[in-house]
$ cat target.cif   # mmCIF, C-alpha atoms and all ligand atoms
data_structure
loop_
_atom_site.label_atom_id
_atom_site.label_comp_id
_atom_site.auth_asym_id
_atom_site.auth_seq_id
_atom_site.Cartn_x
_atom_site.Cartn_y
_atom_site.Cartn_z
CA MET T 1 0.00 0.00 0.00
CA LYS T 2 1.41 3.36 -1.05
CA MET T 3 1.19 6.25 1.41
CA THR T 4 1.32 9.91 0.45
CA LYS T 5 1.01 12.90 2.77
CA ILE T 6 -1.26 15.32 0.98
CA TYR T 7 -1.27 17.86 3.80
CA GLU T 8 1.14 18.48 6.61
CA GLY T 9 0.62 21.19 9.22
CA SER T 10 -0.23 20.87 12.87
CA TYR T 11 -2.05 17.75 11.70
CA GLN T 12 -1.82 15.56 8.62
CA TRP T 13 -3.80 14.16 5.73
CA ILE T 14 -2.47 10.86 4.45
CA MET T 15 -3.63 9.12 1.31
CA PHE T 16 -3.40 5.33 0.97
CA GLY T 17 -3.79 3.48 -2.29
CA ARG T 18 -2.26 1.61 -5.20
CA ASP T 19 -2.04 -1.57 -3.14
CA ALA T 20 0.25 -3.79 -5.20
CA ASN T 21 -1.06 -7.00 -3.59
CA LYS T 22 -4.74 -6.32 -4.22
CA PRO T 23 -6.52 -8.96 -6.37
CA SER T 24 -6.76 -7.56 -9.90
CA ASN T 25 -10.53 -8.05 -10.16
CA ILE T 26 -11.17 -5.58 -7.32
CA ILE T 27 -11.40 -1.86 -8.13
CA ASP T 28 -8.48 0.14 -6.79
CA SER T 29 -9.48 2.69 -4.20
CA ASN T 30 -7.98 5.54 -2.24
CA GLN T 31 -8.31 5.64 1.51
CA TYR T 32 -7.54 8.71 3.58
CA ALA T 33 -6.54 9.41 7.16
CA VAL T 34 -6.66 12.64 9.11
CA ARG T 35 -4.14 12.38 11.91
CA THR T 36 -4.33 14.93 14.77
CA ALA T 37 -2.47 15.02 18.09
CA ASN T 38 -4.32 12.15 19.76
CA ARG T 39 -6.78 10.90 17.23
CA CYS T 40 -7.09 9.51 13.78
CA LEU T 41 -10.02 9.54 11.37
CA LEU T 42 -10.14 7.11 8.46
CA LEU T 43 -12.12 8.30 5.44
CA GLU T 44 -13.53 5.63 3.10
CA PRO T 45 -11.72 2.82 4.98
CA GLY T 46 -12.25 0.45 2.07
CA GLY T 47 -13.38 -3.06 1.23
CA SER T 48 -12.84 -6.08 3.45
CA GLU T 49 -10.15 -7.41 1.08
CA LEU T 50 -8.22 -4.25 1.83
CA PHE T 51 -8.51 -4.35 5.59
CA ALA T 52 -5.19 -6.02 6.44
CA PRO T 53 -2.97 -3.95 4.10
CA MET T 54 -4.84 -0.80 5.13
CA MET T 55 -4.45 -1.48 8.84
CA ALA T 56 -0.79 -2.35 8.32
CA ALA T 57 -0.28 0.95 6.51
CA VAL T 58 -2.15 2.97 9.14
CA LEU T 59 0.12 1.54 11.85
CA HIS T 60 2.94 3.62 10.35
CA HIS T 61 1.04 6.70 11.49
CA THR T 62 -1.08 5.86 14.50
CA PRO T 63 -1.61 3.20 17.15
CA VAL T 64 -4.86 1.24 16.79
CA ASP T 65 -6.40 2.66 19.94
CA GLN T 66 -6.14 6.19 18.54
CA ILE T 67 -8.27 5.37 15.51
CA THR T 68 -11.36 6.96 16.98
CA ASP T 69 -13.41 7.77 13.90
CA LEU T 70 -14.38 6.29 10.56
CA PHE T 71 -16.23 8.04 7.78
CA ALA T 72 -18.11 6.43 4.90
CA SER T 73 -19.40 8.77 2.18
CA HIS T 74 -21.96 6.16 1.14
CA GLN T 75 -22.82 2.47 1.42
CA ASP T 76 -20.75 0.91 -1.37
CA PRO T 77 -18.65 -2.18 -0.61
CA ASP T 78 -15.46 -0.56 -1.93
CA VAL T 79 -16.03 2.21 0.63
CA ILE T 80 -16.89 0.34 3.78
CA SER T 81 -17.35 -3.43 3.53
CA SER T 82 -14.39 -3.68 5.93
CA LEU T 83 -16.62 -2.29 8.69
CA GLY T 84 -17.12 -5.66 10.41
CA LEU T 85 -13.35 -6.05 10.76
CA TRP T 86 -12.74 -2.54 12.08
CA ASP T 87 -15.61 -3.24 14.44
CA GLN T 88 -13.64 -6.09 15.99
CA ALA T 89 -10.33 -4.22 16.01
CA LEU T 90 -11.40 -0.85 17.47
CA SER T 91 -12.72 -0.69 20.98
CA ASN T 92 -13.80 2.92 21.11
CA ALA T 93 -14.71 4.28 17.71
CA LYS T 94 -17.49 6.04 15.85
CA LEU T 95 -18.63 5.58 12.28
CA HIS T 96 -19.92 8.75 10.64
CA ALA T 97 -22.12 7.73 7.74
CA PRO T 98 -25.36 8.82 6.05
CA ALA T 99 -28.38 8.40 8.30
CA ILE T 100 -30.43 6.72 5.60
CA TRP T 101 -27.85 3.97 5.19
CA GLU T 102 -27.70 2.93 8.84
CA GLY T 103 -29.94 -0.14 8.58
CA TYR T 104 -27.99 -1.28 5.53
CA LEU T 105 -24.45 -0.61 6.69
CA ARG T 106 -25.09 -2.54 9.88
CA HIS T 107 -25.20 -5.68 7.70
CA PHE T 108 -21.41 -5.39 7.53
CA GLY T 109 -21.22 -5.73 11.33
CA CYS T 110 -21.32 -2.70 13.61
CA GLU T 111 -21.58 -3.76 17.23
CA SER T 112 -18.82 -2.07 19.18
CA ILE T 113 -18.49 0.88 16.84
CA GLU T 114 -21.04 3.65 17.43
CA TYR T 115 -22.96 4.57 14.29
CA VAL T 116 -23.26 8.36 14.12
CA PRO T 117 -25.94 9.05 11.50
CA ILE T 118 -25.31 12.11 9.34
CA PRO T 119 -28.59 13.93 8.65
CA ASP T 120 -29.41 14.85 5.05
CA ASN T 121 -28.27 18.46 5.48
CA GLY T 122 -24.78 17.45 6.64
CA GLY T 123 -22.81 18.09 9.82
CA THR T 124 -19.30 18.17 11.20
CA ILE T 125 -16.67 15.86 12.63
CA LYS T 126 -14.47 17.29 15.38
CA LEU T 127 -11.06 15.74 15.79
CA ASP T 128 -9.06 17.36 18.59
CA SER T 129 -8.90 20.99 17.39
CA VAL T 130 -9.71 20.19 13.76
CA GLU T 131 -13.24 20.63 12.49
CA LEU T 132 -14.29 18.92 9.27
CA GLN T 133 -17.49 19.75 7.42
CA LEU T 134 -19.73 17.07 5.96
CA ILE T 135 -20.99 18.40 2.66
CA PRO T 136 -24.16 16.86 1.17
CA ALA T 137 -23.53 15.19 -2.20
CA HIS T 138 -26.73 13.18 -2.51
CA TYR T 139 -27.25 11.20 -5.72
CA LEU T 140 -23.54 11.55 -6.54
CA HIS T 141 -23.82 8.71 -6.93
CA SER T 142 -25.58 7.31 -3.89
CA PRO T 143 -28.98 8.62 -2.69
CA GLY T 144 -27.37 9.33 0.70
CA ASN T 145 -23.87 10.69 0.08
CA PHE T 146 -21.49 13.16 1.77
CA HIS T 147 -18.09 14.67 1.08
CA VAL T 148 -15.63 15.90 3.70
CA TYR T 149 -14.30 19.45 3.58
CA ASP T 150 -11.37 20.69 5.63
CA HIS T 151 -11.43 24.50 5.40
CA HIS T 152 -8.05 24.81 7.08
CA ALA T 153 -6.16 22.40 4.83
CA LYS T 154 -8.48 23.36 1.92
CA ILE T 155 -9.07 19.73 1.04
CA LEU T 156 -12.32 18.29 -0.28
CA MET T 157 -12.51 14.51 -0.06
CA SER T 158 -15.05 13.99 -2.81
CA GLY T 159 -15.85 10.25 -2.69
CA ASP T 160 -16.65 8.86 -6.13
CA VAL T 161 -16.84 12.35 -7.67
CA GLY T 162 -13.60 13.06 -9.52
CA SER T 163 -12.79 9.37 -9.69
CA ALA T 164 -10.92 7.86 -12.59
CA VAL T 165 -10.24 4.34 -13.73
CA GLU T 166 -6.47 4.01 -13.84
CA ALA T 167 -3.87 1.45 -14.76
CA PRO T 168 -2.25 -0.17 -11.70
CA GLY T 169 0.44 1.96 -10.11
CA ALA T 170 -0.70 5.25 -11.68
CA PRO T 171 0.73 8.43 -10.13
CA MET T 172 -1.10 9.97 -7.17
CA TYR T 173 -1.64 13.42 -8.71
CA VAL T 174 -3.26 14.55 -11.95
CA ASP T 175 -0.39 15.88 -14.06
CA ASN T 176 -2.16 16.54 -17.33
CA PHE T 177 -5.81 17.40 -16.97
CA ASP T 178 -6.69 17.04 -20.65
CA SER T 179 -5.34 13.53 -20.92
CA HIS T 180 -7.00 12.66 -17.59
CA ILE T 181 -10.49 13.45 -18.92
CA GLU T 182 -10.88 10.20 -20.83
CA LYS T 183 -10.25 8.20 -17.65
CA MET T 184 -13.10 10.01 -15.92
CA ARG T 185 -15.74 10.51 -18.57
CA TYR T 186 -17.51 7.16 -18.70
CA PHE T 187 -17.25 6.66 -14.95
CA HIS T 188 -19.08 9.92 -14.27
CA GLN T 189 -21.59 9.56 -17.10
CA ARG T 190 -22.52 6.05 -16.02
CA TRP T 191 -22.32 6.24 -12.23
CA MET T 192 -23.72 9.72 -11.61
CA PRO T 193 -27.48 9.55 -12.12
CA SER T 194 -28.67 13.14 -11.93
CA ASN T 195 -27.76 16.34 -13.76
CA GLN T 196 -29.85 18.24 -11.24
CA ALA T 197 -27.95 16.79 -8.28
CA LYS T 198 -24.68 17.53 -10.06
CA ARG T 199 -25.70 21.18 -10.57
CA ALA T 200 -26.62 21.63 -6.91
CA TRP T 201 -23.32 20.09 -5.81
CA ILE T 202 -21.23 22.24 -8.13
CA GLU T 203 -22.93 25.40 -6.88
CA ARG T 204 -22.24 24.40 -3.32
CA VAL T 205 -18.66 23.37 -3.93
CA ARG T 206 -17.75 26.45 -5.98
CA ASN T 207 -18.24 28.45 -2.79
CA LEU T 208 -15.56 26.47 -0.99
CA ASP T 209 -11.90 27.37 -1.09
CA ILE T 210 -10.30 24.14 -2.37
CA ASP T 211 -6.62 23.43 -2.98
CA ILE T 212 -6.95 19.69 -3.20
CA LEU T 213 -9.82 17.58 -4.49
CA ALA T 214 -9.29 14.03 -3.30
CA PRO T 215 -11.50 11.31 -4.85
CA GLN T 216 -11.94 7.68 -3.82
CA HIS T 217 -10.52 6.28 -7.07
CA GLY T 218 -7.77 7.52 -9.33
CA ARG T 219 -5.76 10.68 -8.85
CA VAL T 220 -5.86 13.77 -6.65
CA PHE T 221 -6.52 17.20 -8.24
CA LYS T 222 -4.40 20.13 -7.11
CA GLY T 223 -4.56 23.89 -7.59
CA ASP T 224 -6.02 24.96 -10.93
CA ASP T 225 -6.97 21.40 -11.83
CA VAL T 226 -9.67 21.58 -9.16
CA LYS T 227 -11.43 24.39 -11.03
CA ARG T 228 -10.82 22.61 -14.34
CA PHE T 229 -12.49 19.54 -12.94
CA LEU T 230 -15.53 21.53 -11.72
CA ASP T 231 -15.92 23.20 -15.12
CA TRP T 232 -15.59 19.91 -16.96
CA PHE T 233 -18.06 18.14 -14.66
CA ASP T 234 -20.47 21.07 -14.93
CA SER T 235 -20.73 20.63 -18.69
CA LEU T 236 -20.92 16.83 -18.66
CA GLN T 237 -24.25 15.09 -19.26
CA VAL T 238 -24.66 12.30 -16.73
CA GLY T 239 -27.14 9.46 -16.21
CA ILE T 240 -26.56 8.10 -19.68
CA ALA T 241 -27.80 4.54 -19.17
CA VAL T 242 -31.45 5.45 -19.69
CA MET B 1 -14.03 -20.05 4.18
CA ASN B 2 -12.15 -23.21 5.14
CA ILE B 3 -13.55 -26.73 4.95
CA GLN B 4 -14.09 -26.99 8.68
CA THR B 5 -16.26 -23.85 8.80
CA LYS B 6 -18.07 -24.76 5.61
CA SER B 7 -19.05 -28.20 6.90
CA GLN B 8 -20.07 -26.67 10.22
CA PHE B 9 -22.46 -24.39 8.35
CA VAL B 10 -23.77 -27.38 6.41
CA ALA B 11 -24.17 -29.51 9.54
CA VAL B 12 -26.12 -26.81 11.35
CA ALA B 13 -28.29 -26.10 8.33
CA SER B 14 -29.02 -29.80 7.87
CA ILE B 15 -30.27 -30.08 11.45
CA THR B 16 -32.88 -27.44 10.79
CA SER B 17 -34.10 -29.19 7.67
CA GLU B 18 -34.11 -32.68 9.24
CA LEU B 19 -35.98 -31.30 12.21
CA SER B 20 -38.67 -29.66 10.14
CA ALA B 21 -39.24 -33.07 8.52
CA VAL B 22 -39.45 -34.64 11.98
CA MET B 23 -42.04 -32.04 12.91
CA VAL B 24 -44.22 -32.93 9.91
CA VAL B 25 -44.02 -36.63 10.76
CA ALA B 26 -44.77 -36.06 14.45
CA LYS B 27 -47.90 -34.18 13.43
CA GLU B 28 -48.83 -37.13 11.23
CA ILE B 29 -48.53 -39.44 14.22
CA SER B 30 -50.74 -37.16 16.27
CA LEU B 31 -53.32 -37.26 13.48
CA ALA B 32 -53.08 -41.05 13.25
CA ALA B 33 -53.68 -41.22 16.99
CA ALA B 34 -56.84 -39.12 16.70
CA ASN B 35 -58.00 -41.36 13.86
CA ALA B 36 -57.33 -44.49 15.86
CA LYS B 37 -59.21 -43.08 18.80
CA ALA B 38 -62.30 -42.54 16.66
CA ILE B 39 -62.10 -46.03 15.22
CA ALA B 40 -61.52 -47.63 18.61
CA PHE B 41 -64.52 -45.70 19.96
CA ARG B 42 -66.73 -47.05 17.22
CA ALA B 43 -65.33 -50.56 17.66
CA GLY B 44 -66.31 -50.42 21.34
CA ASP B 45 -65.48 -53.57 23.25
CA LYS B 46 -63.74 -55.15 20.31
CA ALA B 47 -60.99 -52.54 20.53
CA LYS B 48 -60.85 -52.16 24.26
CA GLY B 49 -57.12 -52.85 24.40
CA PHE B 50 -56.56 -50.31 21.67
CA GLN B 51 -58.03 -47.29 23.41
CA PRO B 52 -55.29 -46.57 25.98
CA ILE B 53 -52.74 -47.11 23.24
CA THR B 54 -54.18 -44.28 21.16
CA ASP B 55 -53.85 -41.89 24.09
CA PHE B 56 -50.29 -43.00 24.54
CA ILE B 57 -49.47 -42.45 20.89
CA ASN B 58 -51.00 -39.01 21.04
CA GLU B 59 -49.01 -38.13 24.14
CA LEU B 60 -45.82 -39.32 22.51
CA ALA B 61 -46.46 -37.28 19.37
CA LYS B 62 -47.09 -34.16 21.46
CA GLU B 63 -43.92 -34.64 23.46
CA THR B 64 -41.94 -35.12 20.28
CA ILE B 65 -43.36 -31.89 18.86
CA ASP B 66 -42.44 -30.04 22.06
CA LEU B 67 -38.95 -31.47 22.05
CA VAL B 68 -38.36 -30.57 18.44
CA THR B 69 -39.63 -27.04 19.02
CA ASN B 70 -37.13 -26.74 21.81
CA ILE B 71 -34.34 -28.23 19.73
CA ASN B 72 -35.06 -25.75 16.97
CA VAL B 73 -34.21 -22.94 19.39
CA TYR B 74 -30.87 -24.61 20.02
CA ALA B 75 -30.30 -25.15 16.33
CA LEU B 76 -30.89 -21.46 15.70
CA SER B 77 -28.44 -20.54 18.40
CA LEU B 78 -25.93 -22.96 16.90
CA TYR B 79 -26.37 -21.25 13.57
CA ARG B 80 -25.75 -17.83 15.13
CA LEU B 81 -22.69 -19.18 16.89
CA THR B 82 -21.38 -20.57 13.64
CA VAL B 83 -21.79 -17.21 11.94
CA ASN B 84 -20.14 -15.48 14.87
CA GLU B 85 -17.30 -17.93 15.02
CA TYR B 86 -16.74 -17.51 11.31
CA ARG B 87 -16.65 -13.72 11.60
CA ARG B 88 -14.27 -13.87 14.52
CA THR B 89 -11.99 -16.37 12.85
CA VAL B 90 -11.79 -14.21 9.73
CA ALA B 91 -10.94 -11.19 11.90
CA TYR B 92 -8.36 -13.11 13.90
CA ASN B 93 -6.62 -14.30 10.73
CA LYS B 94 -6.58 -10.80 9.28
CA PHE B 95 -5.24 -9.29 12.51
CA ASP B 96 -2.59 -11.99 12.55
CA LEU B 97 -1.64 -11.06 9.00
CA VAL B 98 -1.38 -7.40 10.02
CA VAL B 99 0.96 -8.33 12.87
CA LYS B 100 3.09 -10.47 10.57
CA THR B 101 3.39 -7.74 7.96
CA THR B 102 4.19 -4.87 10.32
CA GLU B 103 7.28 -6.09 12.11
CA GLY B 104 9.34 -3.07 13.11
CA VAL B 105 6.61 -0.59 12.09
CA THR B 106 6.21 2.37 14.49
CA TYR B 107 2.88 1.40 16.06
CA ALA B 108 2.88 -2.34 15.30
CA GLN B 109 2.78 -3.16 19.00
CA SER B 110 -0.69 -1.60 19.36
CA MET B 111 -2.13 -4.46 17.29
CA GLN B 112 -1.37 -7.01 20.01
CA ALA B 113 -4.43 -6.17 22.11
CA PRO B 114 -6.96 -6.53 19.27
CA LEU B 115 -5.22 -9.74 18.17
CA GLU B 116 -5.42 -11.18 21.69
CA ASN B 117 -9.08 -10.13 22.06
CA ALA B 118 -9.98 -11.64 18.72
CA LYS B 119 -8.35 -14.90 19.75
CA ILE B 120 -10.28 -14.99 23.01
CA SER B 121 -13.64 -14.30 21.40
CA MET B 122 -12.95 -16.86 18.71
CA GLN B 123 -12.15 -19.49 21.33
CA ASN B 124 -15.20 -18.51 23.38
CA CYS B 125 -17.38 -19.12 20.35
CA GLN B 126 -15.78 -22.52 19.77
CA ARG B 127 -16.29 -23.52 23.39
CA GLN B 128 -19.89 -22.33 23.43
CA PHE B 129 -20.52 -24.20 20.18
CA LYS B 130 -19.24 -27.44 21.67
CA ARG B 131 -21.36 -26.94 24.79
CA ASP B 132 -24.48 -26.30 22.74
CA VAL B 133 -23.79 -29.24 20.45
CA LYS B 134 -23.59 -31.50 23.48
CA GLN B 135 -26.92 -30.26 24.81
CA LEU B 136 -28.50 -30.62 21.42
CA LEU B 137 -27.23 -34.17 21.10
CA ASP B 138 -28.82 -34.99 24.45
CA GLN B 139 -32.12 -33.63 23.30
CA LEU B 140 -31.91 -35.51 20.03
CA GLU B 141 -31.28 -38.61 22.08
CA ALA B 142 -34.58 -37.96 23.85
CA VAL B 143 -36.40 -37.75 20.52
CA MET B 144 -34.83 -41.06 19.46
CA HIS B 145 -36.11 -42.53 22.65
CA HIS B 146 -39.61 -41.41 21.81
CA ALA B 147 -39.32 -42.82 18.33
CA ARG B 148 -38.21 -46.17 19.71
CA ALA B 149 -41.09 -46.19 22.18
CA ALA B 150 -43.50 -45.40 19.37
CA ARG B 151 -42.29 -48.43 17.44
CA VAL B 152 -42.88 -50.68 20.42
CA ILE B 153 -46.36 -49.26 20.77
CA ALA B 154 -47.00 -49.81 17.10
CA ALA B 155 -46.08 -53.47 17.53
CA ASN B 156 -48.49 -53.77 20.46
CA SER B 157 -51.18 -52.01 18.47
CA ARG B 158 -50.89 -54.62 15.75
CA ILE B 159 -51.55 -57.35 18.27
CA GLU B 160 -54.51 -55.47 19.71
CA ALA B 161 -55.85 -54.77 16.23
CA SER B 162 -55.92 -58.47 15.39
CA GLN B 163 -58.69 -58.88 17.99
CA ALA B 164 -60.82 -56.05 16.64
CA GLY B 165 -62.90 -58.05 14.16
CA GLU B 166 -64.14 -55.94 11.26
CA TYR B 167 -61.99 -53.03 12.51
CA LEU B 168 -58.87 -55.05 12.09
CA GLN B 169 -57.81 -53.45 8.83
CA SER B 170 -58.27 -49.85 9.80
CA LEU B 171 -56.56 -50.31 13.15
CA GLN B 172 -53.75 -52.16 11.51
CA ALA B 173 -53.34 -49.28 9.11
CA VAL B 174 -53.01 -46.94 12.10
CA ALA B 175 -50.36 -49.17 13.65
CA GLU B 176 -48.59 -49.24 10.31
CA SER B 177 -48.52 -45.48 9.92
CA VAL B 178 -47.28 -44.94 13.48
CA ASP B 179 -44.51 -47.43 12.84
CA LYS B 180 -43.53 -45.82 9.58
CA ALA B 181 -43.54 -42.35 11.08
CA ALA B 182 -41.48 -43.45 14.06
CA HIS B 183 -39.03 -45.04 11.67
CA THR B 184 -38.68 -41.81 9.69
CA ILE B 185 -38.16 -39.77 12.84
CA HIS B 186 -35.55 -42.21 14.02
CA ASP B 187 -33.63 -41.99 10.73
CA ASN B 188 -33.78 -38.22 10.50
CA VAL B 189 -32.66 -37.71 14.04
CA GLN B 190 -29.91 -40.22 13.57
CA ARG B 191 -28.62 -38.23 10.62
CA CYS B 192 -28.64 -35.05 12.75
CA ARG B 193 -26.65 -36.80 15.43
CA ILE B 194 -24.07 -38.10 13.01
CA ALA B 195 -23.68 -34.65 11.45
CA LEU B 196 -23.21 -33.08 14.86
CA SER B 197 -21.14 -35.70 16.63
CA LEU B 198 -18.15 -34.58 14.57
CA TYR B 199 -18.13 -31.34 16.52
CA ARG B 200 -18.63 -32.66 20.01
CA ASN B 201 -14.96 -33.28 20.67
CA SER B 202 -13.26 -31.75 17.68
FE FE K 1 -19.71 4.27 -4.94
FE FE K 2 -16.25 3.96 -5.18
#
$ encode --input "target.cif" --output "C-alpha cells"
Amino acid sequence: MKMTKIYEGSYQWIMFGRDANKPSNIIDSNQYAVRTANRCLLLEPGGSELFAPMMAAVLHHTPVDQITDLFASHQDPDVISSLGLWDQALSNAKLHAPAIWEGYLRHFGCESIEYVPIPDNGGTIKLDSVELQLIPAHYLHSPGNFHVYDHHAKILMSGDVGSAVEAPGAPMYVDNFDSHIEKMRYFHQRWMPSNQAKRAWIERVRNLDIDILAPQHGRVFKGDDVKRFLDWFDSLQVGIAV
Amino acid sequence: MNIQTKSQFVAVASITSELSAVMVVAKEISLAAANAKAIAFRAGDKAKGFQPITDFINELAKETIDLVTNINVYALSLYRLTVNEYRRTVAYNKFDLVVKTTEGVTYAQSMQAPLENAKISMQNCQRQFKRDVKQLLDQLEAVMHHARAARVIAANSRIEASQAGEYLQSLQAVAESVDKAAHTIHDNVQRCRIALSLYRNS
C-alpha cells in the first residue's frame, strides 16, 4: 500500500492506495486518514479485502487505539465493507455515515463501533482541534452521500466524484488534466445519475476554497486542476444509461 | 471459508431441515392417533385394548413436537454461533496477517491487544458451540427414545388390532402409519446426530 502525505501542518492528511497485492478483479481505491495530536479519522476505509494492508499501513502513522473515527461517504462495498473487521479491532470508535444507510451498513457488522448518522443536510466531525465539514452530495452517486471538507487544509474529499479508472500503479496526482479526462468521462456519465444533483453540488462546492480535491478512485486534483475539474463536470451530461 | 467452517455451516443447516421433517411426521402421528381413537370408539369392546394405546401415541407425538420445538431454538443458536465464530476467525486471521506484515513498524505493537481479544472471542465461540452441540445431542437422544417407544407401541397395536374383528384393517393401518412415522423420525434424528457428533470433541 502506497502512502502519500497530501497535507502536513499541525495535523496531517495521508492518502493510501495503489495496493500492489490487491486482487486484480477488485477496483483500486484511495483511503484517507486525518491524523491529529491524539486521534485519527479514516475516510472511506475500504473493502474487506483491503482491511489487512490498510491497517498495516495505518500503523505507520497511528496506534490502533487512537483510531477513533471512521467516515463512509456512502454504502458501497469498496467504501466500507471492511466495517465488520474494524468493528472487531477498534474498541472505542465512531462511524460517521449517512443516516439513511444505517440499517444497511449494519449488515457489515457494527456492534462495538457507534454509528453516528449524518442527517441529510450534513454536519461536522471534530477531531481534537480540527473541524471537518460534511458536505451533502446526494445522488452523486448514492442517494445518501457526503463529502468531507477541511477548510483549514483546503481539502475536499469527494468520494466517487472526480474518480478515474487508472492502470495499476498510476501516479497519485493529476499531471495533465486534458489527458486525464478520458479516464473520468464514462465513470461519471454512467455512475452519476442526476444532472440536477450535479448542478446543486457544483454550486455548493464552488463556494468552498479548495486546494486539493481528493477522490476515492484515481488521482488527486491540485490547484487549478480543481477548477478545471468543476468546469468539466459542470458541462458533462450524466445518467446516460437510460 | 475453510472446509471446517463450511461443513459446520452445512451440519447446522441440515439439522434445521431434518428437524422440520421430523415435525411434519410427528404431526402425522398425532393425526393417526386421533384417527385411531375414533375407530376404537366405534369398535367399542372389540378394541378395548386399543383405546389406551391411542392416548399414549398421542401423548408421545405431542412430546416429540415439544422437544423438536425446543431443539429448533438450540439449532438457531448454533447457527448464530457458527456465523459469529466464522466472523471472529476471519478477523483473527486478518489481525494476525497485520501483525506479521508490520514487524518493526512504528505502532505495530498496538495491534497485540486486538489480536489477543480476537483470539479470546474466537475461542469462546468454539467452546460455546461445543457446549451447545452437546446439549443438542442430548435432546436428540430424547427424541430417538420417543421414536423407539412409538415403534414398540406400534407393535403392540398390531396385536390389539388383530382382535378387533371388522376393525382389524383400519386399526392395523393406524399401527402401520405410526410405525412408519417413528421409523422416519428415528432416521432423520440419527442423521442429525451423526452430522453433529463430529463437533462434540473436535
Ligand atoms: Fe460508490
Ligand atoms: Fe467507489
$ residues_around --input "target.cif" --residues "T:Thr36" --least-positions-apart "6" --cutoff "9 Å" --atoms "all atoms listed in the file" --output "list in words"
Ser10, Tyr11, Gln12, Leu127, Asp128, Ser129 and Val130 of chain T
$ interface_residues --input "target.cif" --of "chain B" --to "chain T" --cutoff "12 Å" --atoms "only C-alpha atoms" --output "PyMOL selection string"
chain B and resi 83-84+86-122
$ closest_atom_pairs --input "target.cif" --of "chain T" --to "ligand FE 1 (chain K)" --cutoff "10 Å" --atoms "all atoms listed in the file" --output "CSV"
residue,atom,partner,partner_atom,distance
T:Ser73,CA,K:FE1,FE,8.4
T:His74,CA,K:FE1,FE,6.8
T:Gln75,CA,K:FE1,FE,7.3
T:Asp76,CA,K:FE1,FE,5.0
T:Pro77,CA,K:FE1,FE,7.8
T:Asp78,CA,K:FE1,FE,7.1
T:Val79,CA,K:FE1,FE,7.0
T:Ile80,CA,K:FE1,FE,10.0
T:Leu140,CA,K:FE1,FE,8.4
T:His141,CA,K:FE1,FE,6.4
T:Ser142,CA,K:FE1,FE,6.7
T:Asn145,CA,K:FE1,FE,9.1
T:Gly159,CA,K:FE1,FE,7.5
T:Asp160,CA,K:FE1,FE,5.6
T:Val161,CA,K:FE1,FE,9.0
T:Ser163,CA,K:FE1,FE,9.8
T:Trp191,CA,K:FE1,FE,8.0
T:Met192,CA,K:FE1,FE,9.5
T:Gln216,CA,K:FE1,FE,8.6
T:His217,CA,K:FE1,FE,9.6
$ atom_distance --input "target.cif" --atom1 "atom CA of T:Ala33" --atom2 "atom CA of T:Leu50"
14.8 Å
$ residues_around --input "target.cif" --residues "B:Arg127" --least-positions-apart "6" --cutoff "12 Å" --atoms "all atoms listed in the file" --output "number ranges by chain"
B: 78, 81-82, 85, 120-121, 133-134, 199-202
$ write_last_selection --input "target.cif" --atoms "C-alpha atoms" --output "mmCIF file, in the frame of the given file"
data_model
loop_
_atom_site.group_PDB
_atom_site.id
_atom_site.type_symbol
_atom_site.label_atom_id
_atom_site.label_comp_id
_atom_site.auth_asym_id
_atom_site.auth_seq_id
_atom_site.Cartn_x
_atom_site.Cartn_y
_atom_site.Cartn_z
ATOM 1 C CA LEU B 78 -25.930 -22.960 16.900
ATOM 2 C CA LEU B 81 -22.690 -19.180 16.890
ATOM 3 C CA THR B 82 -21.380 -20.570 13.640
ATOM 4 C CA GLU B 85 -17.300 -17.930 15.020
ATOM 5 C CA ILE B 120 -10.280 -14.990 23.010
ATOM 6 C CA SER B 121 -13.640 -14.300 21.400
ATOM 7 C CA VAL B 133 -23.790 -29.240 20.450
ATOM 8 C CA LYS B 134 -23.590 -31.500 23.480
ATOM 9 C CA TYR B 199 -18.130 -31.340 16.520
ATOM 10 C CA ARG B 200 -18.630 -32.660 20.010
ATOM 11 C CA ASN B 201 -14.960 -33.280 20.670
ATOM 12 C CA SER B 202 -13.260 -31.750 17.680
#
$ residues_around --input "target.cif" --residues "T:Tyr149" --least-positions-apart "4" --cutoff "9 Å" --atoms "only C-alpha atoms" --output "list in words"
Leu132, Gln133, Leu134, Ile135, Ala153, Lys154, Ile155, Leu156, Met157, Ser158, Leu208 and Ile210 of chain T
$ atom_distance --input "target.cif" --atom1 "atom CA of T:Gln189" --atom2 "atom CA of T:Asp175"
22.3 Å
$ closest_residue --input "target.cif" --among "T:Thr68, T:Ser235, T:Asn30, T:Asn195" --to "ligand FE 2 (chain K)" --atoms "only C-alpha atoms and all ligand atoms"
T:Asn30
$ residues_around --input "target.cif" --residues "B:Gln190" --least-positions-apart "5" --cutoff "12 Å" --atoms "all atoms listed in the file" --output "PyMOL selection string"
chain B and resi 14-15+18-19+22+137+139-145+147-148+183-185+195-197
$ residues_near_point --input "target.cif" --point "(-27.9, -23.9, 16.6)" --cutoff "10 Å" --atoms "only C-alpha atoms" --output "PyMOL selection string"
chain B and resi 9+11-13+15-16+71-82+129+132-133+136
$ atom_distance --input "target.cif" --atom1 "atom CA of B:Ala173" --atom2 "atom CA of B:Ala33"
11.3 Å
$ residues_around --input "target.cif" --residues "B:Lys62" --least-positions-apart "5" --cutoff "10 Å" --atoms "all atoms listed in the file" --output "list in words"
Ala26, Lys27, Ile29, Ser30, Phe56, Ile57, Leu67 and Val68 of chain B
$ closest_residue --input "target.cif" --among "T:Glu131, T:Arg219, T:Val116, T:Ile27" --to "ligand FE 2 (chain K)" --atoms "all atoms listed in the file"
T:Ile27
$ closest_residue --input "target.cif" --among "T:Gly218, T:Glu8, T:Asn207, T:Leu213" --to "ligand FE 2 (chain K)" --atoms "all atoms listed in the file"
T:Gly218
$ closest_residue --input "target.cif" --among "B:Asp187, B:Glu176, B:Asp55, B:Asp45" --to "B:Arg158" --atoms "all atoms listed in the file"
B:Glu176
$ closest_residue --input "target.cif" --among "T:Ser112, T:Ser82, T:Gln31, T:Thr124" --to "ligand FE 2 (chain K)" --atoms "all atoms listed in the file"
T:Gln31
$ closest_residue --input "target.cif" --among "B:Thr54, B:Asn188, B:Thr64, B:Ser177" --to "B:Glu28" --atoms "only C-alpha atoms"
B:Ser177
